[in-house]
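So this one's upload_24.cif, mmCIF, C-alpha atoms:
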data_final
loop_
_atom_site.group_PDB
_atom_site.id
_atom_site.type_symbol
_atom_site.label_atom_id
_atom_site.label_comp_id
_atom_site.auth_asym_id
_atom_site.auth_seq_id
_atom_site.Cartn_x
_atom_site.Cartn_y
_atom_site.Cartn_z
ATOM 1 C CA MET G 2 35.197 -1.757 -0.722
ATOM 2 C CA ASN G 3 32.438 -0.676 -3.097
ATOM 3 C CA LEU G 4 31.133 2.868 -2.662
ATOM 4 C CA ILE G 5 27.365 3.368 -2.304
ATOM 5 C CA LEU G 6 26.264 6.752 -3.644
ATOM 6 C CA ASP G 7 23.231 8.507 -2.169
ATOM 7 C CA PRO G 8 20.521 10.001 -4.421
ATOM 8 C CA GLY G 9 21.884 13.028 -6.265
ATOM 9 C CA GLU G 10 25.517 12.053 -5.597
ATOM 10 C CA TYR G 11 27.747 11.547 -8.664
ATOM 11 C CA TYR G 12 31.376 11.679 -9.753
ATOM 12 C CA GLY G 13 30.530 14.535 -12.115
ATOM 13 C CA LYS G 14 29.225 18.087 -11.716
ATOM 14 C CA VAL G 15 25.465 18.576 -11.348
ATOM 15 C CA VAL G 16 24.488 21.545 -13.542
ATOM 16 C CA LYS G 17 20.698 21.312 -13.092
ATOM 17 C CA ALA G 18 18.509 19.202 -10.808
ATOM 18 C CA THR G 19 14.878 18.864 -9.808
ATOM 19 C CA GLU G 20 12.742 16.447 -7.796
ATOM 20 C CA THR G 21 9.244 15.028 -8.062
ATOM 21 C CA SER G 22 7.434 12.673 -5.712
ATOM 22 C CA ALA G 23 8.641 9.688 -7.720
ATOM 23 C CA MET G 24 12.111 10.626 -8.939
ATOM 24 C CA THR G 25 15.163 12.895 -8.823
ATOM 25 C CA LEU G 26 16.447 14.260 -12.144
ATOM 26 C CA SER G 27 19.987 15.622 -12.533
ATOM 27 C CA GLU G 28 21.860 16.870 -15.573
ATOM 28 C CA VAL G 29 25.483 15.942 -14.900
ATOM 29 C CA THR G 30 28.735 16.637 -16.733
ATOM 30 C CA TYR G 31 31.795 14.378 -16.437
ATOM 31 C CA ARG G 32 35.308 15.520 -17.251
ATOM 32 C CA SER G 33 37.358 14.001 -20.040
ATOM 33 C CA GLY G 34 39.426 11.004 -18.945
ATOM 34 C CA LEU G 35 37.564 10.396 -15.687
ATOM 35 C CA SER G 36 37.563 6.750 -14.595
ATOM 36 C CA THR G 37 35.441 6.072 -11.524
ATOM 37 C CA PRO G 38 36.155 3.490 -8.833
ATOM 38 C CA LYS G 39 33.778 0.565 -8.411
ATOM 39 C CA HIS G 40 30.552 1.919 -6.986
ATOM 40 C CA CYS G 41 26.791 1.565 -6.932
ATOM 41 C CA HIS G 42 23.778 3.834 -6.483
ATOM 42 C CA LYS G 43 21.347 3.428 -3.612
ATOM 43 C CA GLN G 44 18.371 3.935 -5.913
ATOM 44 C CA ALA G 45 17.573 2.557 -9.352
ATOM 45 C CA MET G 46 18.588 4.935 -12.115
ATOM 46 C CA VAL G 47 17.846 5.631 -15.768
ATOM 47 C CA VAL G 48 20.705 7.339 -17.608
ATOM 48 C CA VAL G 49 20.067 9.225 -20.847
ATOM 49 C CA SER G 50 23.373 9.967 -22.573
ATOM 50 C CA LEU G 51 23.147 13.485 -24.004
ATOM 51 C CA GLU G 52 26.676 14.194 -25.250
ATOM 52 C CA GLY G 53 29.967 12.333 -25.423
ATOM 53 C CA LEU G 54 31.095 8.728 -25.192
ATOM 54 C CA SER G 55 31.469 6.566 -22.107
ATOM 55 C CA THR G 56 31.992 2.920 -21.190
ATOM 56 C CA GLN G 57 30.201 1.116 -18.367
ATOM 57 C CA LEU G 58 31.475 -2.175 -16.991
ATOM 58 C CA TYR G 59 29.207 -4.559 -15.076
ATOM 59 C CA GLY G 60 31.139 -7.703 -14.167
ATOM 60 C CA ASN G 61 33.288 -8.358 -17.232
ATOM 61 C CA LYS G 62 30.812 -7.002 -19.792
ATOM 62 C CA PRO G 63 31.579 -3.531 -21.197
ATOM 63 C CA THR G 64 28.811 -1.381 -22.667
ATOM 64 C CA VAL G 65 29.488 1.710 -24.769
ATOM 65 C CA CYS G 66 27.040 4.583 -24.217
ATOM 66 C CA LYS G 67 26.648 6.965 -27.150
ATOM 67 C CA PRO G 68 24.489 10.104 -27.396
ATOM 68 C CA TRP G 69 20.806 9.310 -26.772
ATOM 69 C CA SER G 70 21.410 5.783 -25.587
ATOM 70 C CA VAL G 71 19.210 4.898 -22.595
ATOM 71 C CA SER G 72 20.492 2.724 -19.737
ATOM 72 C CA PHE G 73 18.688 1.253 -16.741
ATOM 73 C CA HIS G 74 20.616 0.427 -13.548
ATOM 74 C CA PRO G 75 19.017 -1.516 -10.659
ATOM 75 C CA PRO G 76 19.720 -0.254 -7.131
ATOM 76 C CA GLU G 77 23.111 -1.209 -5.682
ATOM 77 C CA GLU G 78 24.353 -2.742 -8.954
ATOM 78 C CA VAL G 79 28.167 -2.555 -8.761
ATOM 79 C CA HIS G 80 29.869 -1.039 -11.806
ATOM 80 C CA TRP G 81 32.464 1.480 -12.917
ATOM 81 C CA ASP G 82 32.560 4.065 -15.716
ATOM 82 C CA HIS G 83 35.093 5.726 -17.986
ATOM 83 C CA PHE G 84 34.383 9.042 -19.756
ATOM 84 C CA TYR G 85 36.150 10.147 -22.939
ATOM 85 C CA ALA G 86 37.217 13.406 -24.530
ATOM 86 C CA PRO G 87 35.871 16.048 -24.722
ATOM 87 C CA GLY G 88 33.712 15.019 -21.747
ATOM 88 C CA VAL G 89 30.243 13.580 -21.202
ATOM 89 C CA ARG G 90 26.838 15.020 -20.311
ATOM 90 C CA ASP G 91 24.053 12.763 -18.980
ATOM 91 C CA LEU G 92 20.549 13.083 -17.634
ATOM 92 C CA ASN G 93 20.354 10.863 -14.536
ATOM 93 C CA ILE G 94 16.879 9.894 -13.328
ATOM 94 C CA GLU G 95 16.838 8.180 -9.931
ATOM 95 C CA ILE G 96 13.632 6.282 -9.203
ATOM 96 C CA ALA G 97 12.090 6.140 -5.730
ATOM 97 C CA PRO G 98 11.877 2.592 -4.269
ATOM 98 C CA ASP G 99 8.061 2.487 -4.178
ATOM 99 C CA LYS G 100 7.829 3.550 -7.825
ATOM 100 C CA LEU G 101 10.442 0.932 -8.842
ATOM 101 C CA SER G 102 8.419 -1.701 -6.986
ATOM 102 C CA THR G 103 5.433 -0.805 -9.155
ATOM 103 C CA PHE G 104 7.492 -1.234 -12.328
ATOM 104 C CA ARG G 105 8.811 -4.602 -11.141
ATOM 105 C CA ASP G 106 5.254 -5.862 -10.685
ATOM 106 C CA TYR G 107 4.941 -5.774 -14.471
ATOM 107 C CA SER G 108 8.364 -6.882 -15.729
ATOM 108 C CA SER G 109 11.417 -8.762 -14.478
ATOM 109 C CA ALA G 110 13.528 -6.648 -16.865
ATOM 110 C CA PHE G 111 14.056 -4.172 -14.008
ATOM 111 C CA ASP G 112 16.026 -6.736 -12.010
ATOM 112 C CA ARG G 113 19.086 -6.368 -14.246
ATOM 113 C CA PRO G 114 20.932 -3.575 -16.062
ATOM 114 C CA PHE G 115 20.271 -2.972 -19.737
ATOM 115 C CA THR G 116 21.028 -0.397 -22.418
ATOM 116 C CA SER G 117 18.822 0.516 -25.370
ATOM 117 C CA MET G 118 19.856 2.443 -28.457
ATOM 118 C CA GLY G 119 16.646 1.958 -30.453
ATOM 119 C CA TRP G 120 14.877 4.750 -32.286
ATOM 120 C CA GLU G 121 11.684 4.727 -30.166
ATOM 121 C CA PRO G 122 13.445 5.023 -26.760
ATOM 122 C CA ARG G 123 15.610 7.825 -28.150
ATOM 123 C CA GLN G 124 12.555 9.804 -29.263
ATOM 124 C CA ILE G 125 10.855 9.405 -25.876
ATOM 125 C CA ALA G 126 14.090 10.332 -24.051
ATOM 126 C CA ALA G 127 14.388 13.526 -26.111
ATOM 127 C CA LYS G 128 10.839 14.563 -25.111
ATOM 128 C CA LEU G 129 11.577 13.803 -21.463
ATOM 129 C CA TYR G 130 14.752 15.898 -21.531
ATOM 130 C CA ARG G 131 12.861 18.815 -23.095
ATOM 131 C CA GLU G 132 10.315 18.682 -20.247
ATOM 132 C CA PHE G 133 13.171 18.680 -17.751
ATOM 133 C CA ARG G 134 14.795 21.743 -19.365
ATOM 134 C CA GLU G 135 11.497 23.662 -19.766
ATOM 135 C CA PHE G 136 10.134 22.708 -16.373
ATOM 136 C CA ASP G 137 6.709 24.112 -15.316
ATOM 137 C CA GLU G 138 3.868 23.113 -12.994
ATOM 138 C CA LEU G 139 2.724 20.288 -15.295
ATOM 139 C CA SER G 140 6.195 18.896 -15.979
ATOM 140 C CA PRO G 141 6.245 16.399 -13.050
ATOM 141 C CA LEU G 142 3.179 14.658 -14.480
ATOM 142 C CA ALA G 143 4.542 14.796 -18.037
ATOM 143 C CA ILE G 144 7.961 13.499 -16.983
ATOM 144 C CA GLU G 145 6.504 10.593 -15.018
ATOM 145 C CA GLY G 146 4.343 9.615 -17.979
ATOM 146 C CA LEU G 147 7.277 9.804 -20.382
ATOM 147 C CA LEU G 148 9.495 7.821 -18.010
ATOM 148 C CA ILE G 149 6.886 5.049 -17.842
ATOM 149 C CA GLU G 150 6.582 5.090 -21.636
ATOM 150 C CA LEU G 151 10.377 4.966 -21.964
ATOM 151 C CA LEU G 152 10.739 2.029 -19.576
ATOM 152 C CA VAL G 153 7.854 0.136 -21.189
ATOM 153 C CA GLU G 154 9.476 0.429 -24.610
ATOM 154 C CA ALA G 155 12.910 -0.557 -23.317
ATOM 155 C CA SER G 156 11.610 -3.460 -21.215
ATOM 156 C CA ARG G 157 9.641 -4.821 -24.186
ATOM 157 C CA ARG G 158 12.900 -5.001 -26.065
ATOM 158 C CA GLN G 159 14.451 -6.830 -23.121
ATOM 159 C CA ALA G 160 11.527 -9.254 -22.937
ATOM 160 C CA SER G 161 11.954 -10.149 -26.615
ATOM 161 C CA ARG G 162 15.557 -11.012 -25.852
ATOM 162 C CA HIS G 163 14.499 -13.376 -23.069
ATOM 163 C CA SER G 164 11.710 -15.284 -24.862
ATOM 164 C CA ALA G 165 12.529 -18.936 -25.459
ATOM 165 C CA PRO G 166 14.377 -19.598 -28.756
ATOM 166 C CA PRO G 167 14.083 -23.008 -30.489
ATOM 167 C CA ILE G 168 16.433 -25.795 -29.401
ATOM 168 C CA TRP G 169 18.521 -25.649 -32.576
ATOM 169 C CA LEU G 170 19.094 -21.907 -32.090
ATOM 170 C CA ARG G 171 20.197 -22.414 -28.482
ATOM 171 C CA GLN G 172 22.570 -25.113 -29.769
ATOM 172 C CA ALA G 173 23.996 -22.690 -32.327
ATOM 173 C CA ARG G 174 24.636 -20.117 -29.621
ATOM 174 C CA GLU G 175 26.318 -22.722 -27.404
ATOM 175 C CA ILE G 176 28.580 -23.695 -30.296
ATOM 176 C CA LEU G 177 29.545 -20.039 -30.700
ATOM 177 C CA ARG G 178 30.313 -19.768 -26.984
ATOM 178 C CA ALA G 179 32.427 -22.926 -27.019
ATOM 179 C CA GLN G 180 34.285 -22.230 -30.271
ATOM 180 C CA PHE G 181 34.395 -18.415 -30.492
ATOM 181 C CA ALA G 182 38.186 -18.384 -30.776
ATOM 182 C CA GLN G 183 38.119 -20.627 -33.862
ATOM 183 C CA SER G 184 37.599 -19.596 -37.465
ATOM 184 C CA MET G 185 33.925 -20.106 -38.291
ATOM 185 C CA THR G 186 31.510 -19.128 -41.073
ATOM 186 C CA LEU G 187 27.751 -18.721 -40.938
ATOM 187 C CA THR G 188 27.422 -21.709 -43.294
ATOM 188 C CA ASP G 189 29.535 -23.868 -40.977
ATOM 189 C CA LEU G 190 27.387 -22.933 -37.991
ATOM 190 C CA ALA G 191 24.124 -23.497 -39.896
ATOM 191 C CA GLN G 192 25.251 -26.935 -41.073
ATOM 192 C CA SER G 193 26.182 -27.949 -37.534
ATOM 193 C CA VAL G 194 22.555 -27.418 -36.373
ATOM 194 C CA GLY G 195 20.850 -28.529 -39.610
ATOM 195 C CA VAL G 196 19.248 -25.306 -40.858
ATOM 196 C CA HIS G 197 19.729 -22.944 -43.787
ATOM 197 C CA PRO G 198 22.211 -20.067 -43.182
ATOM 198 C CA VAL G 199 19.595 -17.421 -44.059
ATOM 199 C CA HIS G 200 17.112 -18.915 -41.586
ATOM 200 C CA LEU G 201 19.801 -19.057 -38.907
ATOM 201 C CA ALA G 202 20.798 -15.438 -39.477
ATOM 202 C CA ARG G 203 17.191 -14.187 -39.389
ATOM 203 C CA GLU G 204 16.149 -16.121 -36.266
ATOM 204 C CA PHE G 205 19.376 -15.354 -34.419
ATOM 205 C CA HIS G 206 18.819 -11.626 -34.862
ATOM 206 C CA ARG G 207 15.112 -11.898 -33.966
ATOM 207 C CA PHE G 208 15.727 -13.668 -30.652
ATOM 208 C CA PHE G 209 19.051 -12.196 -29.579
ATOM 209 C CA CYS G 210 18.794 -8.691 -31.149
ATOM 210 C CA ARG G 211 22.222 -8.992 -32.749
ATOM 211 C CA THR G 212 23.809 -10.741 -35.728
ATOM 212 C CA VAL G 213 25.900 -13.896 -35.488
ATOM 213 C CA GLY G 214 28.973 -11.793 -36.278
ATOM 214 C CA GLN G 215 28.170 -9.313 -33.519
ATOM 215 C CA GLU G 216 27.688 -12.174 -31.047
ATOM 216 C CA LEU G 217 31.036 -13.678 -32.039
ATOM 217 C CA ARG G 218 32.851 -10.362 -31.630
ATOM 218 C CA GLN G 219 31.175 -9.802 -28.258
ATOM 219 C CA LEU G 220 32.291 -13.225 -27.010
ATOM 220 C CA ARG G 221 35.842 -12.535 -28.104
ATOM 221 C CA ILE G 222 35.902 -9.137 -26.425
ATOM 222 C CA GLU G 223 34.459 -10.585 -23.207
ATOM 223 C CA CYS G 224 37.206 -13.226 -23.240
ATOM 224 C CA ALA G 225 39.813 -10.511 -23.793
ATOM 225 C CA CYS G 226 38.377 -8.446 -20.909
ATOM 226 C CA ARG G 227 38.656 -11.428 -18.558
ATOM 227 C CA GLU G 228 42.242 -12.080 -19.609
ATOM 228 C CA ILE G 229 43.224 -8.424 -19.187
ATOM 229 C CA LEU G 230 41.616 -8.302 -15.734
ATOM 230 C CA GLU G 231 42.761 -11.682 -14.429
ATOM 231 C CA SER G 232 46.098 -12.463 -16.115
ATOM 232 C CA LYS G 233 49.463 -10.882 -16.822
ATOM 233 C CA LYS G 234 49.588 -12.083 -20.422
ATOM 234 C CA THR G 235 50.746 -9.682 -23.117
ATOM 235 C CA LEU G 236 48.138 -8.095 -25.358
ATOM 236 C CA GLY G 237 49.502 -10.097 -28.294
ATOM 237 C CA GLU G 238 48.948 -13.334 -26.389
ATOM 238 C CA ILE G 239 45.455 -12.251 -25.360
ATOM 239 C CA ALA G 240 44.587 -11.385 -28.964
ATOM 240 C CA LEU G 241 45.395 -14.938 -30.077
ATOM 241 C CA ILE G 242 43.580 -16.543 -27.121
ATOM 242 C CA ALA G 243 40.449 -14.532 -27.947
ATOM 243 C CA GLY G 244 40.542 -15.544 -31.628
ATOM 244 C CA PHE G 245 41.842 -12.398 -33.336
ATOM 245 C CA SER G 246 44.174 -12.721 -36.304
ATOM 246 C CA ASP G 247 46.668 -10.207 -34.911
ATOM 247 C CA GLN G 248 47.074 -7.560 -32.227
ATOM 248 C CA SER G 249 46.168 -4.613 -34.471
ATOM 249 C CA HIS G 250 42.848 -6.251 -35.435
ATOM 250 C CA PHE G 251 42.238 -6.965 -31.746
ATOM 251 C CA THR G 252 42.965 -3.361 -30.757
ATOM 252 C CA ARG G 253 40.677 -1.887 -33.435
ATOM 253 C CA THR G 254 37.775 -4.185 -32.517
ATOM 254 C CA PHE G 255 38.265 -3.700 -28.773
ATOM 255 C CA LYS G 256 38.201 0.096 -29.071
ATOM 256 C CA ARG G 257 35.189 0.064 -31.387
ATOM 257 C CA MET G 258 33.186 -2.095 -28.948
ATOM 258 C CA THR G 259 34.313 -0.686 -25.581
ATOM 259 C CA GLY G 260 35.359 2.861 -26.447
ATOM 260 C CA MET G 261 38.910 2.352 -25.172
ATOM 261 C CA THR G 262 42.053 0.539 -26.273
ATOM 262 C CA PRO G 263 43.169 -2.637 -24.455
ATOM 263 C CA ILE G 264 45.975 -0.649 -22.799
ATOM 264 C CA GLN G 265 43.544 1.988 -21.541
ATOM 265 C CA PHE G 266 41.237 -0.761 -20.279
ATOM 266 C CA ARG G 267 44.089 -2.376 -18.331
ATOM 267 C CA LEU G 268 45.085 0.973 -16.823
ATOM 268 C CA ALA G 269 41.494 1.834 -15.979
ATOM 269 C CA ARG G 270 41.162 -1.242 -13.759
ATOM 270 C CA GLN G 271 44.164 -0.304 -11.620
ATOM 271 C CA PRO G 272 42.998 2.731 -9.565
ATOM 272 C CA SER G 273 41.470 0.636 -6.740
ATOM 273 C CA LYS G 274 44.946 -0.756 -6.059
ATOM 274 C CA MET G 275 46.696 2.623 -6.170
ATOM 275 C CA SER G 276 47.057 5.749 -4.117
ATOM 276 C CA LEU G 277 45.226 8.935 -5.052
ATOM 277 C CA SER G 278 48.434 10.426 -6.405
ATOM 278 C CA ASP G 279 48.961 7.372 -8.630
ATOM 279 C CA VAL G 280 45.406 7.679 -9.952
ATOM 280 C CA SER G 281 45.937 11.360 -10.707
ATOM 281 C CA HIS G 282 49.172 10.556 -12.532
ATOM 282 C CA ILE G 283 47.500 7.926 -14.738
ATOM 283 C CA ARG G 284 44.586 10.201 -15.582
ATOM 284 C CA ASN G 285 46.942 13.032 -16.502
ATOM 285 C CA ARG G 286 48.970 10.656 -18.662
ATOM 286 C CA TRP G 287 45.814 9.520 -20.485
ATOM 287 C CA SER G 288 44.910 13.100 -21.298
ATOM 288 C CA ALA G 289 48.414 13.921 -22.503
ATOM 289 C CA ASP G 290 49.272 10.737 -24.413
ATOM 290 C CA HIS G 291 46.023 9.250 -25.738
ATOM 291 C CA ASP G 292 43.391 10.441 -28.147
ATOM 292 C CA VAL G 293 40.294 8.813 -26.647
#

Using structure tokens, write down the structure that the file contains.
Amino acid sequence: MNLILDPGEYYGKVVKATETSAMTLSEVTYRSGLSTPKHCHKQAMVVVSLEGLSTQLYGNKPTVCKPWSVSFHPPEEVHWDHFYAPGVRDLNIEIAPDKLSTFRDYSSAFDRPFTSMGWEPRQIAAKLYREFREFDELSPLAIEGLLIELLVEASRRQASRHSAPPIWLRQAREILRAQFAQSMTLTDLAQSVGVHPVHLAREFHRFFCRTVGQELRQLRIECACREILESKKTLGEIALIAGFSDQSHFTRTFKRMTGMTPIQFRLARQPSKMSLSDVSHIRNRWSADHDV
């Protein structure tokens, strides 16, 4: 059963909190090695990562959150998190339902989770956090304005990702999705859709906000995540299925993109099937045996 957390309720320690008419803001610390069960939040939430490294998993898609990344989570979106050494500190901003409804009138981006690591959102987030720390009688107005500015900037980036690409570019992406486990060059892909490799590379990044190589690695990691979650295959077998040349290459890429090794990822998905004592044992073993 998925846990639904009330406003202000987290798996970490709240070190500072305040409320306005439109939102609840909480600075929260999470201990090293913590892996949460599947859960969701009753209200929509913006998370500004202040310190440390964490991984969020929605469905089978992992997202690594680094310092000053900004994430948006719709209400009751089921996910789980893992927090790495030496611990994580976030600013969590929960948005009241009526205020979220206003945002949704302007953009469908707020119907799905997204994470932004761009320069502009980071700058706005830093100003918002400073207002939160130096709170005075004008801070509620300043914070609400900065939050709107932050969400506008982030949702614009999301909208650019969802504008319609040309047919040949959609075909190129479908080829990647169908053949991600095979050896492929940018020239091969460009020839298959009848465009120049430079044009393909430029338009792919413009529409999808990532390079062809990044897309290919993401597809391979998503395949590996599914296999780890749904099968009992060895990690060596999964590496080959996902298109990696060997297990060591697979492990390095997996950790770089998710923040954890394949073994840690497999262990992190087991707590819902275990007793509390088993969960405690695994977490203690992570801390003792793994440098995460």

Q.
Using the chain letters and numbers from this file, what does the PyMOL selection byres ((chain G and resi 167-172) around 12) select? Give the answer as a ChimeraX atom specification.
A. /G:163-166,173-179,190-198,200-209,213

Pull out every residue that the PyMOL selection byres ((chain G and resi 17-33) around 10) matches in the shown coordinates and put them as a PDB file with C-alpha atoms, in the coordinates of the input.
ATOM      1  CA  PRO G   8      20.521  10.001  -4.421  1.00  0.00           C
ATOM      2  CA  GLY G   9      21.884  13.028  -6.265  1.00  0.00           C
ATOM      3  CA  GLU G  10      25.517  12.053  -5.597  1.00  0.00           C
ATOM      4  CA  TYR G  11      27.747  11.547  -8.664  1.00  0.00           C
ATOM      5  CA  TYR G  12      31.376  11.679  -9.753  1.00  0.00           C
ATOM      6  CA  GLY G  13      30.530  14.535 -12.115  1.00  0.00           C
ATOM      7  CA  LYS G  14      29.225  18.087 -11.716  1.00  0.00           C
ATOM      8  CA  VAL G  15      25.465  18.576 -11.348  1.00  0.00           C
ATOM      9  CA  VAL G  16      24.488  21.545 -13.542  1.00  0.00           C
ATOM     10  CA  GLY G  34      39.426  11.004 -18.945  1.00  0.00           C
ATOM     11  CA  LEU G  35      37.564  10.396 -15.687  1.00  0.00           C
ATOM     12  CA  SER G  36      37.563   6.750 -14.595  1.00  0.00           C
ATOM     13  CA  GLN G  44      18.371   3.935  -5.913  1.00  0.00           C
ATOM     14  CA  ALA G  45      17.573   2.557  -9.352  1.00  0.00           C
ATOM     15  CA  MET G  46      18.588   4.935 -12.115  1.00  0.00           C
ATOM     16  CA  VAL G  47      17.846   5.631 -15.768  1.00  0.00           C
ATOM     17  CA  VAL G  48      20.705   7.339 -17.608  1.00  0.00           C
ATOM     18  CA  VAL G  49      20.067   9.225 -20.847  1.00  0.00           C
ATOM     19  CA  SER G  50      23.373   9.967 -22.573  1.00  0.00           C
ATOM     20  CA  LEU G  51      23.147  13.485 -24.004  1.00  0.00           C
ATOM     21  CA  GLU G  52      26.676  14.194 -25.250  1.00  0.00           C
ATOM     22  CA  GLY G  53      29.967  12.333 -25.423  1.00  0.00           C
ATOM     23  CA  LEU G  54      31.095   8.728 -25.192  1.00  0.00           C
ATOM     24  CA  SER G  55      31.469   6.566 -22.107  1.00  0.00           C
ATOM     25  CA  HIS G  83      35.093   5.726 -17.986  1.00  0.00           C
ATOM     26  CA  PHE G  84      34.383   9.042 -19.756  1.00  0.00           C
ATOM     27  CA  TYR G  85      36.150  10.147 -22.939  1.00  0.00           C
ATOM     28  CA  ALA G  86      37.217  13.406 -24.530  1.00  0.00           C
ATOM     29  CA  PRO G  87      35.871  16.048 -24.722  1.00  0.00           C
ATOM     30  CA  GLY G  88      33.712  15.019 -21.747  1.00  0.00           C
ATOM     31  CA  VAL G  89      30.243  13.580 -21.202  1.00  0.00           C
ATOM     32  CA  ARG G  90      26.838  15.020 -20.311  1.00  0.00           C
ATOM     33  CA  ASP G  91      24.053  12.763 -18.980  1.00  0.00           C
ATOM     34  CA  LEU G  92      20.549  13.083 -17.634  1.00  0.00           C
ATOM     35  CA  ASN G  93      20.354  10.863 -14.536  1.00  0.00           C
ATOM     36  CA  ILE G  94      16.879   9.894 -13.328  1.00  0.00           C
ATOM     37  CA  GLU G  95      16.838   8.180  -9.931  1.00  0.00           C
ATOM     38  CA  ILE G  96      13.632   6.282  -9.203  1.00  0.00           C
ATOM     39  CA  ALA G  97      12.090   6.140  -5.730  1.00  0.00           C
ATOM     40  CA  PRO G  98      11.877   2.592  -4.269  1.00  0.00           C
ATOM     41  CA  ASP G  99       8.061   2.487  -4.178  1.00  0.00           C
ATOM     42  CA  LYS G 100       7.829   3.550  -7.825  1.00  0.00           C
ATOM     43  CA  LEU G 101      10.442   0.932  -8.842  1.00  0.00           C
ATOM     44  CA  TYR G 130      14.752  15.898 -21.531  1.00  0.00           C
ATOM     45  CA  PHE G 133      13.171  18.680 -17.751  1.00  0.00           C
ATOM     46  CA  ARG G 134      14.795  21.743 -19.365  1.00  0.00           C
ATOM     47  CA  PHE G 136      10.134  22.708 -16.373  1.00  0.00           C
ATOM     48  CA  SER G 140       6.195  18.896 -15.979  1.00  0.00           C
ATOM     49  CA  PRO G 141       6.245  16.399 -13.050  1.00  0.00           C
ATOM     50  CA  LEU G 142       3.179  14.658 -14.480  1.00  0.00           C
ATOM     51  CA  ILE G 144       7.961  13.499 -16.983  1.00  0.00           C
ATOM     52  CA  GLU G 145       6.504  10.593 -15.018  1.00  0.00           C
ATOM     53  CA  LEU G 148       9.495   7.821 -18.010  1.00  0.00           C
ATOM     54  CA  ARG G 284      44.586  10.201 -15.582  1.00  0.00           C
ATOM     55  CA  TRP G 287      45.814   9.520 -20.485  1.00  0.00           C
ATOM     56  CA  SER G 288      44.910  13.100 -21.298  1.00  0.00           C
ATOM     57  CA  VAL G 293      40.294   8.813 -26.647  1.00  0.00           C
TER      58      VAL G 293
END

Q: Have a look at CA of Arg221 in chain G and CA of Leu268 in chain G and let me know their distance in Å, one decimal.
A: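 So the answer is 19.9 Å.
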
Q) Which residues match the PyMOL selection byres ((chain G and resi 119-125) around 12) in the file above, as a PyMOL selection string? A) chain G and resi 47-51+67-73+116-118+126-132+143-159+210

Q | Nearest to Phe115 in chain G by atom-to-atom distance, counting only C-alpha atoms, from G:His42, G:His80, G:Arg267, G:His74 | A |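 Of G:His42, G:His80, G:Arg267, G:His74, the one nearest Phe115 in chain G, counting only C-alpha atoms, is G:His74.
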
Residues of range 172-200 of chain G that have any atom at most 7 Å from an atom of range 242-257 of chain G: could you tabulate them with the shortest-distance atom pair and the distance in Å to one decimal, using only C-alpha atoms, ordered by chain and increasing number, as JSON lines?
{"residue": "G:Phe181", "atom": "CA", "partner": "G:Gly244", "partner_atom": "CA", "distance": 6.9}
{"residue": "G:Ala182", "atom": "CA", "partner": "G:Gly244", "partner_atom": "CA", "distance": 3.8}
{"residue": "G:Gln183", "atom": "CA", "partner": "G:Gly244", "partner_atom": "CA", "distance": 6.1}

May I have the selected residues written with C-alpha atoms, as a PDB file, keeping the file's coordinate frame?
ATOM      1  CA  PHE G 181      34.395 -18.415 -30.492  1.00  0.00           C
ATOM      2  CA  ALA G 182      38.186 -18.384 -30.776  1.00  0.00           C
ATOM      3  CA  GLN G 183      38.119 -20.627 -33.862  1.00  0.00           C
TER       4      GLN G 183
END

Q | Using only C-alpha atoms: which of G:Val79, G:Met258, G:Pro263, G:Asp137 has the shortest distance to Ala240 in chain G | A |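 With only C-alpha atoms as the atom set, the closest residue is G:Pro263.
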
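Separating CA of Leu4 in chain G from CA of Ser232 in chain G is a distance of 25.3 Å.
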
Q. If we count all atoms listed in the file, what is near Leu58 in chain G at a cut-off of 8 Å, once residues fewer than 2 positions away on the same chain are taken out, given as an MDAnalysis selection string?
A. chainID G and resid 56 60:64 80:82
